[in-house]
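**Q** work.txt is reproduced below (compact mmCIF, N, CA and C atoms).
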# COMPACT_ATOMS: atom_id res chain seq x y z
N MET O 1 -13.27 29.35 -87.13
CA MET O 1 -14.09 28.18 -87.39
C MET O 1 -13.94 27.78 -88.85
N ALA O 2 -13.58 26.55 -89.07
CA ALA O 2 -13.43 26.05 -90.43
C ALA O 2 -14.80 25.74 -91.03
N ILE O 3 -14.89 25.96 -92.32
CA ILE O 3 -16.14 25.65 -93.01
C ILE O 3 -16.25 24.14 -93.14
N THR O 4 -17.35 23.60 -92.69
CA THR O 4 -17.54 22.16 -92.79
C THR O 4 -18.38 21.86 -94.02
N THR O 5 -17.94 20.92 -94.78
CA THR O 5 -18.71 20.46 -95.92
C THR O 5 -19.50 19.24 -95.49
N PRO O 6 -20.49 18.82 -96.27
CA PRO O 6 -21.26 17.64 -95.87
C PRO O 6 -20.38 16.41 -95.67
N GLU O 7 -19.25 16.35 -96.36
CA GLU O 7 -18.40 15.18 -96.24
C GLU O 7 -17.66 15.14 -94.91
N THR O 8 -17.49 16.28 -94.23
CA THR O 8 -16.72 16.32 -93.00
C THR O 8 -17.59 16.31 -91.74
N VAL O 9 -18.89 16.39 -91.89
CA VAL O 9 -19.77 16.37 -90.73
C VAL O 9 -19.93 14.94 -90.25
N THR O 10 -19.47 14.69 -89.01
CA THR O 10 -19.53 13.33 -88.49
C THR O 10 -20.46 13.22 -87.29
N HIS O 11 -21.22 14.25 -87.00
CA HIS O 11 -22.17 14.22 -85.91
C HIS O 11 -23.58 14.47 -86.44
N PHE O 12 -24.54 14.11 -85.62
CA PHE O 12 -25.94 14.31 -86.00
C PHE O 12 -26.27 15.79 -85.91
N VAL O 13 -26.81 16.34 -86.98
CA VAL O 13 -27.16 17.76 -87.05
C VAL O 13 -28.66 17.87 -86.82
N TYR O 14 -29.06 18.71 -85.87
CA TYR O 14 -30.49 18.80 -85.58
C TYR O 14 -31.04 20.23 -85.66
N ILE O 15 -30.26 21.24 -85.32
CA ILE O 15 -30.78 22.61 -85.35
C ILE O 15 -30.88 23.12 -86.79
N ALA O 16 -29.84 22.90 -87.57
CA ALA O 16 -29.82 23.40 -88.96
C ALA O 16 -30.97 22.82 -89.80
N PRO O 17 -31.25 21.51 -89.74
CA PRO O 17 -32.37 21.00 -90.54
C PRO O 17 -33.72 21.59 -90.13
N ILE O 18 -33.88 21.85 -88.85
CA ILE O 18 -35.13 22.45 -88.40
C ILE O 18 -35.25 23.86 -88.97
N ALA O 19 -34.16 24.62 -88.91
CA ALA O 19 -34.18 25.99 -89.44
C ALA O 19 -34.42 26.00 -90.94
N VAL O 20 -33.73 25.14 -91.67
CA VAL O 20 -33.91 25.06 -93.13
C VAL O 20 -35.32 24.59 -93.46
N GLY O 21 -35.80 23.59 -92.73
CA GLY O 21 -37.15 23.07 -92.98
C GLY O 21 -38.23 24.09 -92.73
N ILE O 22 -38.09 24.87 -91.66
CA ILE O 22 -39.08 25.91 -91.38
C ILE O 22 -39.03 26.99 -92.45
N ALA O 23 -37.82 27.38 -92.85
CA ALA O 23 -37.69 28.39 -93.91
C ALA O 23 -38.31 27.89 -95.22
N CYS O 24 -38.02 26.63 -95.58
CA CYS O 24 -38.61 26.06 -96.80
C CYS O 24 -40.13 25.94 -96.67
N GLY O 25 -40.59 25.59 -95.49
CA GLY O 25 -42.03 25.49 -95.27
C GLY O 25 -42.74 26.82 -95.44
N PHE O 26 -42.14 27.88 -94.93
CA PHE O 26 -42.75 29.20 -95.11
C PHE O 26 -42.65 29.67 -96.56
N LEU O 27 -41.57 29.32 -97.23
CA LEU O 27 -41.48 29.62 -98.66
C LEU O 27 -42.56 28.86 -99.43
N GLU O 28 -42.78 27.63 -99.05
CA GLU O 28 -43.85 26.83 -99.66
C GLU O 28 -45.21 27.46 -99.38
N LEU O 29 -45.39 27.99 -98.18
CA LEU O 29 -46.65 28.67 -97.84
C LEU O 29 -46.88 29.87 -98.76
N ILE O 30 -45.82 30.62 -99.05
CA ILE O 30 -45.93 31.76 -99.97
C ILE O 30 -46.26 31.28 -101.38
N PHE O 31 -45.56 30.23 -101.83
CA PHE O 31 -45.82 29.69 -103.17
C PHE O 31 -47.25 29.17 -103.30
N VAL O 32 -47.72 28.44 -102.29
CA VAL O 32 -49.06 27.87 -102.35
C VAL O 32 -50.11 28.97 -102.36
N HIS O 33 -49.90 30.00 -101.57
CA HIS O 33 -50.86 31.09 -101.55
C HIS O 33 -50.96 31.75 -102.93
N GLU O 34 -49.84 31.85 -103.61
CA GLU O 34 -49.83 32.45 -104.96
C GLU O 34 -50.46 31.50 -105.99
N ASP O 35 -50.15 30.21 -105.90
CA ASP O 35 -50.57 29.25 -106.92
C ASP O 35 -51.99 28.73 -106.73
N GLU O 36 -52.45 28.65 -105.50
CA GLU O 36 -53.73 27.99 -105.21
C GLU O 36 -54.64 28.89 -104.39
N PRO O 37 -55.03 30.05 -104.90
CA PRO O 37 -55.90 30.92 -104.10
C PRO O 37 -57.26 30.26 -103.85
N GLY O 38 -57.67 30.31 -102.61
CA GLY O 38 -58.98 29.76 -102.26
C GLY O 38 -59.03 28.25 -102.18
N MET O 39 -57.90 27.58 -102.20
CA MET O 39 -57.89 26.11 -102.18
C MET O 39 -57.52 25.57 -100.81
N GLY O 40 -57.64 26.32 -99.78
CA GLY O 40 -57.20 25.84 -98.48
C GLY O 40 -55.69 25.88 -98.41
N TRP O 41 -55.11 26.96 -98.93
CA TRP O 41 -53.66 27.07 -99.02
C TRP O 41 -52.99 27.07 -97.66
N LEU O 42 -53.69 27.56 -96.63
CA LEU O 42 -53.08 27.61 -95.31
C LEU O 42 -52.88 26.20 -94.76
N THR O 43 -53.89 25.36 -94.87
CA THR O 43 -53.73 23.99 -94.36
C THR O 43 -52.71 23.21 -95.18
N HIS O 44 -52.69 23.42 -96.48
CA HIS O 44 -51.68 22.75 -97.31
C HIS O 44 -50.28 23.25 -96.95
N GLY O 45 -50.16 24.56 -96.77
CA GLY O 45 -48.86 25.12 -96.44
C GLY O 45 -48.38 24.68 -95.07
N MET O 46 -49.27 24.64 -94.10
CA MET O 46 -48.89 24.18 -92.77
C MET O 46 -48.55 22.68 -92.78
N HIS O 47 -49.15 21.97 -93.69
CA HIS O 47 -48.84 20.56 -93.87
C HIS O 47 -47.44 20.40 -94.46
N ALA O 48 -47.01 21.38 -95.24
CA ALA O 48 -45.71 21.28 -95.91
C ALA O 48 -44.54 21.50 -94.95
N ILE O 49 -44.72 22.28 -93.89
CA ILE O 49 -43.62 22.59 -92.99
C ILE O 49 -43.02 21.34 -92.35
N PRO O 50 -43.82 20.44 -91.75
CA PRO O 50 -43.20 19.24 -91.17
C PRO O 50 -42.48 18.37 -92.21
N PHE O 51 -43.01 18.31 -93.41
CA PHE O 51 -42.35 17.50 -94.44
C PHE O 51 -41.06 18.15 -94.93
N CYS O 52 -41.03 19.46 -94.98
CA CYS O 52 -39.78 20.15 -95.33
C CYS O 52 -38.72 19.90 -94.26
N VAL O 53 -39.12 19.94 -92.99
CA VAL O 53 -38.18 19.64 -91.91
C VAL O 53 -37.70 18.19 -92.02
N PHE O 54 -38.62 17.27 -92.30
CA PHE O 54 -38.28 15.86 -92.44
C PHE O 54 -37.25 15.64 -93.56
N PHE O 55 -37.51 16.18 -94.74
CA PHE O 55 -36.59 16.00 -95.86
C PHE O 55 -35.27 16.73 -95.61
N SER O 56 -35.30 17.84 -94.90
CA SER O 56 -34.06 18.54 -94.55
C SER O 56 -33.23 17.70 -93.59
N PHE O 57 -33.88 17.04 -92.63
CA PHE O 57 -33.15 16.15 -91.73
C PHE O 57 -32.45 15.05 -92.51
N ILE O 58 -33.14 14.48 -93.47
CA ILE O 58 -32.52 13.41 -94.26
C ILE O 58 -31.34 13.94 -95.05
N SER O 59 -31.53 15.05 -95.75
CA SER O 59 -30.48 15.60 -96.59
C SER O 59 -29.26 16.04 -95.79
N MET O 60 -29.50 16.69 -94.65
CA MET O 60 -28.38 17.26 -93.90
C MET O 60 -27.68 16.26 -93.00
N ASN O 61 -28.24 15.07 -92.82
CA ASN O 61 -27.60 14.06 -91.97
C ASN O 61 -27.10 12.85 -92.75
N LEU O 62 -27.03 12.96 -94.06
CA LEU O 62 -26.50 11.85 -94.86
C LEU O 62 -25.06 11.52 -94.50
N SER O 63 -24.24 12.53 -94.29
CA SER O 63 -22.83 12.30 -93.96
C SER O 63 -22.70 11.56 -92.63
N PHE O 64 -23.57 11.89 -91.69
CA PHE O 64 -23.58 11.17 -90.41
C PHE O 64 -23.89 9.69 -90.63
N VAL O 65 -24.87 9.42 -91.46
CA VAL O 65 -25.24 8.03 -91.76
C VAL O 65 -24.10 7.33 -92.50
N TYR O 66 -23.46 8.04 -93.42
CA TYR O 66 -22.33 7.47 -94.16
C TYR O 66 -21.24 7.00 -93.20
N THR O 67 -20.88 7.84 -92.23
CA THR O 67 -19.81 7.47 -91.32
C THR O 67 -20.22 6.33 -90.39
N LYS O 68 -21.46 6.32 -89.96
CA LYS O 68 -21.93 5.25 -89.07
C LYS O 68 -21.99 3.90 -89.78
N LEU O 69 -22.37 3.92 -91.06
CA LEU O 69 -22.47 2.66 -91.81
C LEU O 69 -21.18 2.28 -92.52
N ASN O 70 -20.19 3.20 -92.51
CA ASN O 70 -18.91 2.96 -93.16
C ASN O 70 -19.08 2.53 -94.62
N LEU O 71 -19.83 3.32 -95.35
CA LEU O 71 -20.08 3.02 -96.75
C LEU O 71 -18.95 3.57 -97.61
N GLY O 72 -18.28 2.71 -98.35
CA GLY O 72 -17.13 3.11 -99.14
C GLY O 72 -17.46 3.96 -100.35
N PHE O 73 -18.58 3.70 -101.01
CA PHE O 73 -18.90 4.44 -102.23
C PHE O 73 -19.25 5.90 -101.96
N THR O 74 -19.50 6.25 -100.72
CA THR O 74 -19.92 7.61 -100.41
C THR O 74 -18.77 8.60 -100.40
N SER O 75 -17.54 8.12 -100.54
CA SER O 75 -16.42 9.06 -100.61
C SER O 75 -16.40 9.79 -101.95
N ASN O 76 -17.16 9.29 -102.92
CA ASN O 76 -17.27 9.94 -104.22
C ASN O 76 -18.31 11.06 -104.13
N PRO O 77 -17.92 12.31 -104.37
CA PRO O 77 -18.89 13.42 -104.25
C PRO O 77 -20.05 13.33 -105.23
N THR O 78 -19.85 12.65 -106.34
CA THR O 78 -20.94 12.50 -107.32
C THR O 78 -22.08 11.68 -106.74
N TYR O 79 -21.75 10.61 -106.03
CA TYR O 79 -22.79 9.80 -105.39
C TYR O 79 -23.51 10.61 -104.32
N ASP O 80 -22.73 11.34 -103.54
CA ASP O 80 -23.30 12.15 -102.47
C ASP O 80 -24.29 13.17 -103.02
N LEU O 81 -23.87 13.90 -104.04
CA LEU O 81 -24.75 14.89 -104.66
C LEU O 81 -25.96 14.22 -105.33
N GLY O 82 -25.74 13.06 -105.94
CA GLY O 82 -26.84 12.33 -106.58
C GLY O 82 -27.90 11.89 -105.59
N ILE O 83 -27.46 11.39 -104.45
CA ILE O 83 -28.41 10.95 -103.42
C ILE O 83 -29.20 12.14 -102.89
N ARG O 84 -28.51 13.27 -102.69
CA ARG O 84 -29.21 14.47 -102.22
C ARG O 84 -30.18 14.99 -103.29
N ALA O 85 -29.81 14.87 -104.55
CA ALA O 85 -30.71 15.29 -105.63
C ALA O 85 -31.97 14.43 -105.65
N VAL O 86 -31.82 13.14 -105.42
CA VAL O 86 -32.99 12.25 -105.35
C VAL O 86 -33.87 12.65 -104.17
N ILE O 87 -33.28 12.98 -103.03
CA ILE O 87 -34.06 13.44 -101.88
C ILE O 87 -34.81 14.72 -102.22
N GLY O 88 -34.15 15.64 -102.92
CA GLY O 88 -34.81 16.88 -103.35
C GLY O 88 -35.96 16.62 -104.30
N LEU O 89 -35.77 15.68 -105.23
CA LEU O 89 -36.86 15.34 -106.16
C LEU O 89 -38.02 14.67 -105.44
N LEU O 90 -37.72 13.82 -104.47
CA LEU O 90 -38.79 13.21 -103.68
C LEU O 90 -39.57 14.28 -102.90
N ALA O 91 -38.85 15.25 -102.35
CA ALA O 91 -39.53 16.35 -101.64
C ALA O 91 -40.41 17.14 -102.60
N ALA O 92 -39.89 17.44 -103.79
CA ALA O 92 -40.68 18.19 -104.79
C ALA O 92 -41.91 17.39 -105.21
N PHE O 93 -41.75 16.09 -105.41
CA PHE O 93 -42.88 15.24 -105.79
C PHE O 93 -43.93 15.21 -104.69
N LYS O 94 -43.50 15.11 -103.44
CA LYS O 94 -44.43 15.07 -102.32
C LYS O 94 -45.20 16.38 -102.22
N ILE O 95 -44.51 17.50 -102.41
CA ILE O 95 -45.17 18.80 -102.35
C ILE O 95 -46.18 18.94 -103.48
N LYS O 96 -45.79 18.53 -104.65
CA LYS O 96 -46.68 18.61 -105.82
C LYS O 96 -47.88 17.67 -105.64
N ALA O 97 -47.66 16.49 -105.08
CA ALA O 97 -48.75 15.54 -104.86
C ALA O 97 -49.72 16.04 -103.81
N ALA O 98 -49.22 16.73 -102.79
CA ALA O 98 -50.11 17.26 -101.75
C ALA O 98 -51.07 18.30 -102.34
N ALA O 99 -50.60 19.05 -103.31
CA ALA O 99 -51.48 20.04 -103.95
C ALA O 99 -52.53 19.36 -104.81
N ALA O 100 -52.24 18.16 -105.29
CA ALA O 100 -53.18 17.46 -106.17
C ALA O 100 -54.38 16.89 -105.42
N VAL O 101 -54.24 16.64 -104.14
CA VAL O 101 -55.32 16.01 -103.40
C VAL O 101 -56.15 17.01 -102.59
N THR O 102 -55.98 18.28 -102.91
CA THR O 102 -56.75 19.31 -102.21
C THR O 102 -58.22 19.16 -102.56
N LYS O 103 -59.06 19.27 -101.56
CA LYS O 103 -60.50 19.07 -101.70
C LYS O 103 -61.12 19.99 -102.74
N GLY O 104 -61.91 19.43 -103.61
CA GLY O 104 -62.69 20.23 -104.54
C GLY O 104 -61.98 20.64 -105.82
N HIS O 105 -60.75 20.24 -105.99
CA HIS O 105 -60.01 20.63 -107.19
C HIS O 105 -59.42 19.38 -107.83
N GLY O 106 -59.69 19.21 -109.10
CA GLY O 106 -59.25 18.01 -109.79
C GLY O 106 -57.87 18.10 -110.38
N SER O 107 -57.36 19.30 -110.54
CA SER O 107 -56.04 19.42 -111.16
C SER O 107 -55.01 19.89 -110.15
N ILE O 108 -53.77 19.72 -110.52
CA ILE O 108 -52.70 20.15 -109.65
C ILE O 108 -52.51 21.65 -109.85
N GLY O 109 -52.68 22.41 -108.77
CA GLY O 109 -52.64 23.84 -108.89
C GLY O 109 -51.28 24.45 -108.68
N GLU O 110 -50.38 23.73 -108.04
CA GLU O 110 -49.07 24.31 -107.73
C GLU O 110 -48.15 24.22 -108.93
N LYS O 111 -47.39 25.28 -109.16
CA LYS O 111 -46.47 25.31 -110.30
C LYS O 111 -45.30 24.37 -110.06
N LEU O 112 -44.89 23.71 -111.13
CA LEU O 112 -43.78 22.76 -111.04
C LEU O 112 -42.50 23.45 -110.59
N GLY O 113 -42.26 24.64 -111.08
CA GLY O 113 -41.05 25.37 -110.71
C GLY O 113 -40.96 25.65 -109.22
N HIS O 114 -42.09 25.93 -108.61
CA HIS O 114 -42.11 26.18 -107.18
C HIS O 114 -41.76 24.92 -106.39
N SER O 115 -42.32 23.80 -106.80
CA SER O 115 -42.01 22.53 -106.12
C SER O 115 -40.55 22.16 -106.30
N LEU O 116 -40.03 22.35 -107.51
CA LEU O 116 -38.62 22.03 -107.76
C LEU O 116 -37.68 22.97 -107.00
N ALA O 117 -38.09 24.22 -106.81
CA ALA O 117 -37.26 25.16 -106.05
C ALA O 117 -37.13 24.71 -104.60
N ILE O 118 -38.23 24.27 -104.01
CA ILE O 118 -38.19 23.76 -102.64
C ILE O 118 -37.30 22.52 -102.56
N GLY O 119 -37.47 21.61 -103.52
CA GLY O 119 -36.63 20.41 -103.55
C GLY O 119 -35.16 20.73 -103.72
N ALA O 120 -34.85 21.73 -104.54
CA ALA O 120 -33.46 22.12 -104.76
C ALA O 120 -32.86 22.72 -103.49
N ILE O 121 -33.62 23.51 -102.78
CA ILE O 121 -33.12 24.09 -101.53
C ILE O 121 -32.82 22.99 -100.52
N ILE O 122 -33.70 22.00 -100.44
CA ILE O 122 -33.48 20.89 -99.53
C ILE O 122 -32.24 20.09 -99.94
N ALA O 123 -32.05 19.90 -101.23
CA ALA O 123 -30.91 19.11 -101.72
C ALA O 123 -29.58 19.81 -101.47
N VAL O 124 -29.54 21.13 -101.63
CA VAL O 124 -28.26 21.84 -101.48
C VAL O 124 -28.07 22.43 -100.08
N ALA O 125 -29.02 22.26 -99.19
CA ALA O 125 -28.92 22.83 -97.84
C ALA O 125 -27.63 22.45 -97.12
N PRO O 126 -27.17 21.20 -97.20
CA PRO O 126 -25.92 20.87 -96.49
C PRO O 126 -24.71 21.62 -97.03
N TYR O 127 -24.77 22.03 -98.27
CA TYR O 127 -23.64 22.74 -98.88
C TYR O 127 -23.68 24.24 -98.59
N ILE O 128 -24.88 24.81 -98.46
CA ILE O 128 -24.97 26.25 -98.23
C ILE O 128 -25.07 26.62 -96.75
N TRP O 129 -25.47 25.67 -95.91
CA TRP O 129 -25.63 25.97 -94.49
C TRP O 129 -24.34 26.46 -93.83
N PRO O 130 -23.17 25.89 -94.11
CA PRO O 130 -21.95 26.42 -93.47
C PRO O 130 -21.71 27.89 -93.77
N PHE O 131 -22.07 28.35 -94.95
CA PHE O 131 -21.90 29.76 -95.29
C PHE O 131 -22.93 30.63 -94.56
N ILE O 132 -24.14 30.12 -94.43
CA ILE O 132 -25.18 30.85 -93.70
C ILE O 132 -24.81 30.94 -92.22
N ALA O 133 -24.29 29.85 -91.66
CA ALA O 133 -23.95 29.82 -90.24
C ALA O 133 -22.78 30.76 -89.91
N LYS O 134 -21.94 31.06 -90.87
CA LYS O 134 -20.81 31.96 -90.62
C LYS O 134 -21.23 33.43 -90.60
N MET O 135 -22.42 33.73 -91.06
CA MET O 135 -22.87 35.12 -91.08
C MET O 135 -23.04 35.62 -89.64
N LYS O 136 -22.66 36.84 -89.40
CA LYS O 136 -22.72 37.39 -88.04
C LYS O 136 -24.15 37.63 -87.57
N SER O 137 -25.09 37.76 -88.49
CA SER O 137 -26.48 38.03 -88.10
C SER O 137 -27.23 36.77 -87.67
N VAL O 138 -26.63 35.60 -87.85
CA VAL O 138 -27.28 34.34 -87.46
C VAL O 138 -27.04 34.11 -85.97
N PRO O 139 -28.10 33.87 -85.19
CA PRO O 139 -27.93 33.63 -83.75
C PRO O 139 -27.05 32.41 -83.49
N SER O 140 -26.34 32.42 -82.38
CA SER O 140 -25.37 31.36 -82.08
C SER O 140 -26.02 29.98 -81.94
N PHE O 141 -27.27 29.91 -81.44
CA PHE O 141 -27.90 28.60 -81.28
C PHE O 141 -28.21 27.94 -82.62
N LEU O 142 -28.29 28.71 -83.69
CA LEU O 142 -28.53 28.12 -85.01
C LEU O 142 -27.25 27.61 -85.66
N LYS O 143 -26.12 27.90 -85.11
CA LYS O 143 -24.85 27.50 -85.70
C LYS O 143 -24.42 26.10 -85.31
N LYS O 144 -25.25 25.39 -84.56
CA LYS O 144 -24.90 24.03 -84.11
C LYS O 144 -25.31 23.02 -85.14
Turn this file's structure into structure tokens for me.
**A**
Amino acid sequence: MAITTPETVTHFVYIAPIAVGIACGFLELIFVHEDEPGMGWLTHGMHAIPFCVFFSFISMNLSFVYTKLNLGFTSNPTYDLGIRAVIGLLAAFKIKAAAAVTKGHGSIGEKLGHSLAIGAIIAVAPYIWPFIAKMKSVPSFLKK
């Protein structure tokens, strides 16, 4: 099996974004529990899982959208990485903003580094997923 890069994926990817999103959501749950004790961290963390899946879907299916829309500028890897970086920053901003609106607390309790780590994972997921999928310990249904 050849390693596919985001530039060579021409089909809609659905299993990998769900797996990455759930993993990022649980990582966010761990971060929130550490950063916001007693702030309703479970509801905030469970709220983060669907948004991590959503942003992972966007990041991991950009190449599919590029091919369907026949966008010429997307052949430049700098644009591709830049668009994914913006998606990662939007995810980090959304996670940080969700912590700011927690009931009873006026300040943002989540650490910036934790939010940026989640955003970075979402941004680079299309690049690291082919290596994860090649591991023998990954179940075959996750390799689609």
**Q** From the set O:Ile128, O:Ala85, O:Met135, O:Cys24, which residue has the shortest atom-to-atom contact distance to His47 (chain O), counting only C-alpha atoms?
**A**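 Once distances to His47 (chain O) are computed over only C-alpha atoms, the minimum belongs to O:Cys24.
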**Q** Just the number, please: distance in Å from CA of Tyr127 (chain O) to CA of Pro17 (chain O), one decimal.
**A**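 Those two atoms sit 12.2 Å apart.
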**Q** Using only N, CA and C atoms, find all polymer residues with an atom at most 8 Å away from the point (-44.7, 25.2, -106.7); report them as a count of residues only.
**A** 16
**Q** So that I can see what lies close to Met60 (chain O), please list as a PyMOL selection string the residues with an atom at most 7 Å from it, counting all atoms listed in the file and leaving out residues fewer than 5 positions away in the same chain.
**A** chain O and resi 13+17+55+122+125-126
**Q** Given only N, CA and C atoms as the basis, pick out the residue of O:Ala120, O:Leu71, O:Val138, O:Ile18 nearest to Ala91 (chain O).
**A**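 The closest residue to Ala91 (chain O) is O:Ala120.
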**Q** Do you have the CA of Phe93 (chain O)-CA of Gly119 (chain O) distance handy?
**A** 8.4 Å
**Q** Measure the distance from CA of Thr67 (chain O) to CA of Ala92 (chain O) in Å and round it to one decimal.
**A** 27.1 Å
**Q** So, with all atoms listed in the file as the atoms that count, which of O:Ser63, O:Phe12, O:Gly25, O:Lys94 lies closest to Met46 (chain O)?
**A**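 The answer is O:Gly25, which sits nearest to Met46 (chain O).
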**Q** For Ile121 (chain O), which residue out of O:Ile15, O:Thr78, O:Phe51, O:Gly88 is the nearest one, using only N, CA and C atoms?
**A** O:Gly88
